[in-house]
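Scroll down for the structure; my scribbles are underneath it.
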Amino acid sequence: MDLLSQIRTGGILYVLLLIAVTMHEFGHAYVADKLGDRLPRIDGRVTVNPLAHMDTMGTVILPILTIALSMGSGFPMVFGWGKPVEILLDNPRTRRRVDILSTLGGVSMNLAVALVSAVLLVVFEIAGLRDFSEVAVTSIYINCVLFVINMIPVPPLDGSVFLKYYTPIGAETLALISRWGIVILLVLINVPLTSRIIMLAVKLLSSLYLRLAGFILGFF
């Protein structure tokens with residue numbers, strides 16, 4: 001790829017990641033707000049404005065660095081996260097419900113964005129806009145990656161809510177795991193066995209959206 005093509009591809013990857021991360025955090029905030037938790041709205045997180053959800057390291061520095069370093073390899077990559085949405089959970093009667101549903105709201109939003117991307121893929125294919133079709137496919141993959149990785153039951157990932165409420169792990173043990181959560185995640189995505197499992201899950205999930213797009217295209 002020449003320099004201009006690399007910049008173009010990197011910019012598209014970054015924008016798609018920014019959309020995915022923004023909608024993920026908005027999903028957390030929106031569900032918590034609808035369930036009566038006041039803090040997300042007070043913090044200004046019930047919005048699709050990316051600035052409200054950006055984390056300096058996770059949404060700016062690391063993604064740009066990852067994209068820049070991977071461009072020359074011919075296999076561009078993108079990775080990042082948003083600023084966590086804080087919730088009060090001050091009502092003992094609804095605490096568990098709000099915590100679980102607001103947590104799942106983030107990954108559910110990524111599935112929704114992937115679905116919208118699949119619909120746009122159909123539109124672009126019908127219109128013969130192949131470059132835009134590639135962007136839609138990339139969006140599907142990025143959102144599927146975020147869904148799969150966030151469902152890993154390791155704090156601070158969203159899947160850790162299942163450890164918290166559906167396993168006998170105590171609060172102290174969970175806090176200990178949380179301190180090493182990023183290290184554990186890095187190990188999981190770099191160990192061949194777990195890496196293959198993660199990529200297989202991403203492939204299977206993304207293939208559902210691509211098959212849906214193909215099924216719809218079959219009517220045209």
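Following the order of the structure tokens, chains are lettered A, B, ..., residues in each are numbered from 1, and ligands are numbered from 1.
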
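All residues of protein, DNA or RNA that reach within 9 Å of region 120-128 of chain A, judged by only C-alpha atoms and not counting those fewer than 3 positions away in the chain, are Leu115, Val116, Ser117, Asp131, Phe132, Ser133, Glu134, Val135, Ala136, Val137, Leu210, Ala213, Gly214, Ile216, Leu217 and Phe220 of chain A.
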
For Leu62 (chain A), find every residue with an atom within 9 Å (counting only C-alpha atoms), except residues of its own chain fewer than 6 positions away, and show them as a PyMOL selection string. chain A and resi 56+78-80

Could you give me, as a PyMOL selection string, the residues within 9 Å of region 85-97 of chain A, counting only C-alpha atoms and dropping anything in the same chain fewer than 5 positions from it? chain A and resi 25-26+28-29+32-33+35+37-40+43+45+53+102+165

Neighbour list for Val15 (chain A) as a PyMOL selection string, cut-off 12 Å, only C-alpha atoms, skip fewer than 4 positions in-chain: chain A and resi 8-11+19-22+50+59-60+63-64+67+78-80+135+138-139+142

Go ahead and write the selection's residues with N, CA and C atoms as an mmCIF file, in the first residue's frame.
```
data_model
loop_
_atom_site.group_PDB
_atom_site.id
_atom_site.type_symbol
_atom_site.label_atom_id
_atom_site.label_comp_id
_atom_site.auth_asym_id
_atom_site.auth_seq_id
_atom_site.Cartn_x
_atom_site.Cartn_y
_atom_site.Cartn_z
ATOM 1 N N ARG A 8 -5.613 6.437 4.384
ATOM 2 C CA ARG A 8 -7.054 6.266 4.162
ATOM 3 C C ARG A 8 -7.589 5.062 4.914
ATOM 4 N N THR A 9 -6.899 3.918 4.791
ATOM 5 C CA THR A 9 -7.338 2.701 5.469
ATOM 6 C C THR A 9 -7.288 2.871 6.985
ATOM 7 N N GLY A 10 -6.210 3.477 7.471
ATOM 8 C CA GLY A 10 -6.080 3.706 8.905
ATOM 9 C C GLY A 10 -7.163 4.627 9.435
ATOM 10 N N GLY A 11 -7.483 5.658 8.663
ATOM 11 C CA GLY A 11 -8.533 6.576 9.083
ATOM 12 C C GLY A 11 -9.891 5.902 9.148
ATOM 13 N N ILE A 19 -16.834 4.614 16.333
ATOM 14 C CA ILE A 19 -18.280 4.405 16.324
ATOM 15 C C ILE A 19 -18.652 3.212 17.207
ATOM 16 N N ALA A 20 -17.907 2.117 17.061
ATOM 17 C CA ALA A 20 -18.203 0.898 17.835
ATOM 18 C C ALA A 20 -18.044 1.139 19.331
ATOM 19 N N VAL A 21 -16.976 1.810 19.722
ATOM 20 C CA VAL A 21 -16.723 2.088 21.137
ATOM 21 C C VAL A 21 -17.764 3.060 21.689
ATOM 22 N N THR A 22 -18.078 4.093 20.909
ATOM 23 C CA THR A 22 -19.074 5.078 21.343
ATOM 24 C C THR A 22 -20.426 4.428 21.572
ATOM 25 N N PRO A 50 -19.116 11.056 20.568
ATOM 26 C CA PRO A 50 -17.901 10.297 20.907
ATOM 27 C C PRO A 50 -17.053 10.949 21.985
ATOM 28 N N THR A 59 -8.961 5.133 23.540
ATOM 29 C CA THR A 59 -9.681 5.567 22.350
ATOM 30 C C THR A 59 -8.849 6.466 21.439
ATOM 31 N N VAL A 60 -7.720 6.931 21.935
ATOM 32 C CA VAL A 60 -6.892 7.835 21.136
ATOM 33 C C VAL A 60 -5.500 7.251 20.888
ATOM 34 N N PRO A 63 -5.286 3.019 19.878
ATOM 35 C CA PRO A 63 -5.783 2.677 18.537
ATOM 36 C C PRO A 63 -4.936 3.272 17.415
ATOM 37 N N ILE A 64 -4.576 4.537 17.548
ATOM 38 C CA ILE A 64 -3.781 5.179 16.506
ATOM 39 C C ILE A 64 -2.414 4.514 16.396
ATOM 40 N N ILE A 67 -2.844 0.993 14.789
ATOM 41 C CA ILE A 67 -3.089 1.105 13.355
ATOM 42 C C ILE A 67 -1.809 1.478 12.620
ATOM 43 N N VAL A 78 -6.749 -2.930 14.644
ATOM 44 C CA VAL A 78 -7.239 -1.835 15.473
ATOM 45 C C VAL A 78 -7.735 -2.417 16.787
ATOM 46 N N PHE A 79 -7.416 -1.711 17.885
ATOM 47 C CA PHE A 79 -7.799 -2.204 19.204
ATOM 48 C C PHE A 79 -7.971 -1.003 20.122
ATOM 49 N N GLY A 80 -8.966 -1.031 20.981
ATOM 50 C CA GLY A 80 -9.147 0.067 21.917
ATOM 51 C C GLY A 80 -10.373 -0.117 22.785
ATOM 52 N N VAL A 135 -16.112 -1.255 3.639
ATOM 53 C CA VAL A 135 -16.196 -0.541 4.917
ATOM 54 C C VAL A 135 -17.265 -1.183 5.807
ATOM 55 N N THR A 138 -15.969 -4.434 7.219
ATOM 56 C CA THR A 138 -15.004 -4.153 8.280
ATOM 57 C C THR A 138 -15.714 -3.751 9.565
ATOM 58 N N SER A 139 -16.785 -2.968 9.436
ATOM 59 C CA SER A 139 -17.569 -2.561 10.601
ATOM 60 C C SER A 139 -18.188 -3.776 11.297
ATOM 61 N N ILE A 142 -15.334 -5.521 13.238
ATOM 62 C CA ILE A 142 -14.894 -4.764 14.412
ATOM 63 C C ILE A 142 -15.894 -4.918 15.551
#
```

Tell me, as a list of chain:residue names, which residues lie within 10 Å of Ile7 (chain A), counting only C-alpha atoms; anything in the same chain fewer than 6 positions away does not count. A:Met1, A:Leu13, A:Ile67, A:Ala68, A:Met71

For Ile182 (chain A), list every protein, DNA or RNA residue within 9 Å, evaluated using only C-alpha atoms, and leave out those in the same chain fewer than 4 positions away; present the list as a ChimeraX atom specification. /A:154-156,178,186-187

Which of region 134-214 of chain A fall in helix (DSSP H, G or I), as an NGL selection string: :A and (134-150 or 160-166 or 171-179 or 181-190 or 192-214)

From the options A:Ala175, A:Met151, A:Ile12, A:Met23, which residue's atoms come nearest to Ala114 (chain A), counting only C-alpha atoms?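 Distance minimum relative to Ala114 (chain A) lands on A:Met23.
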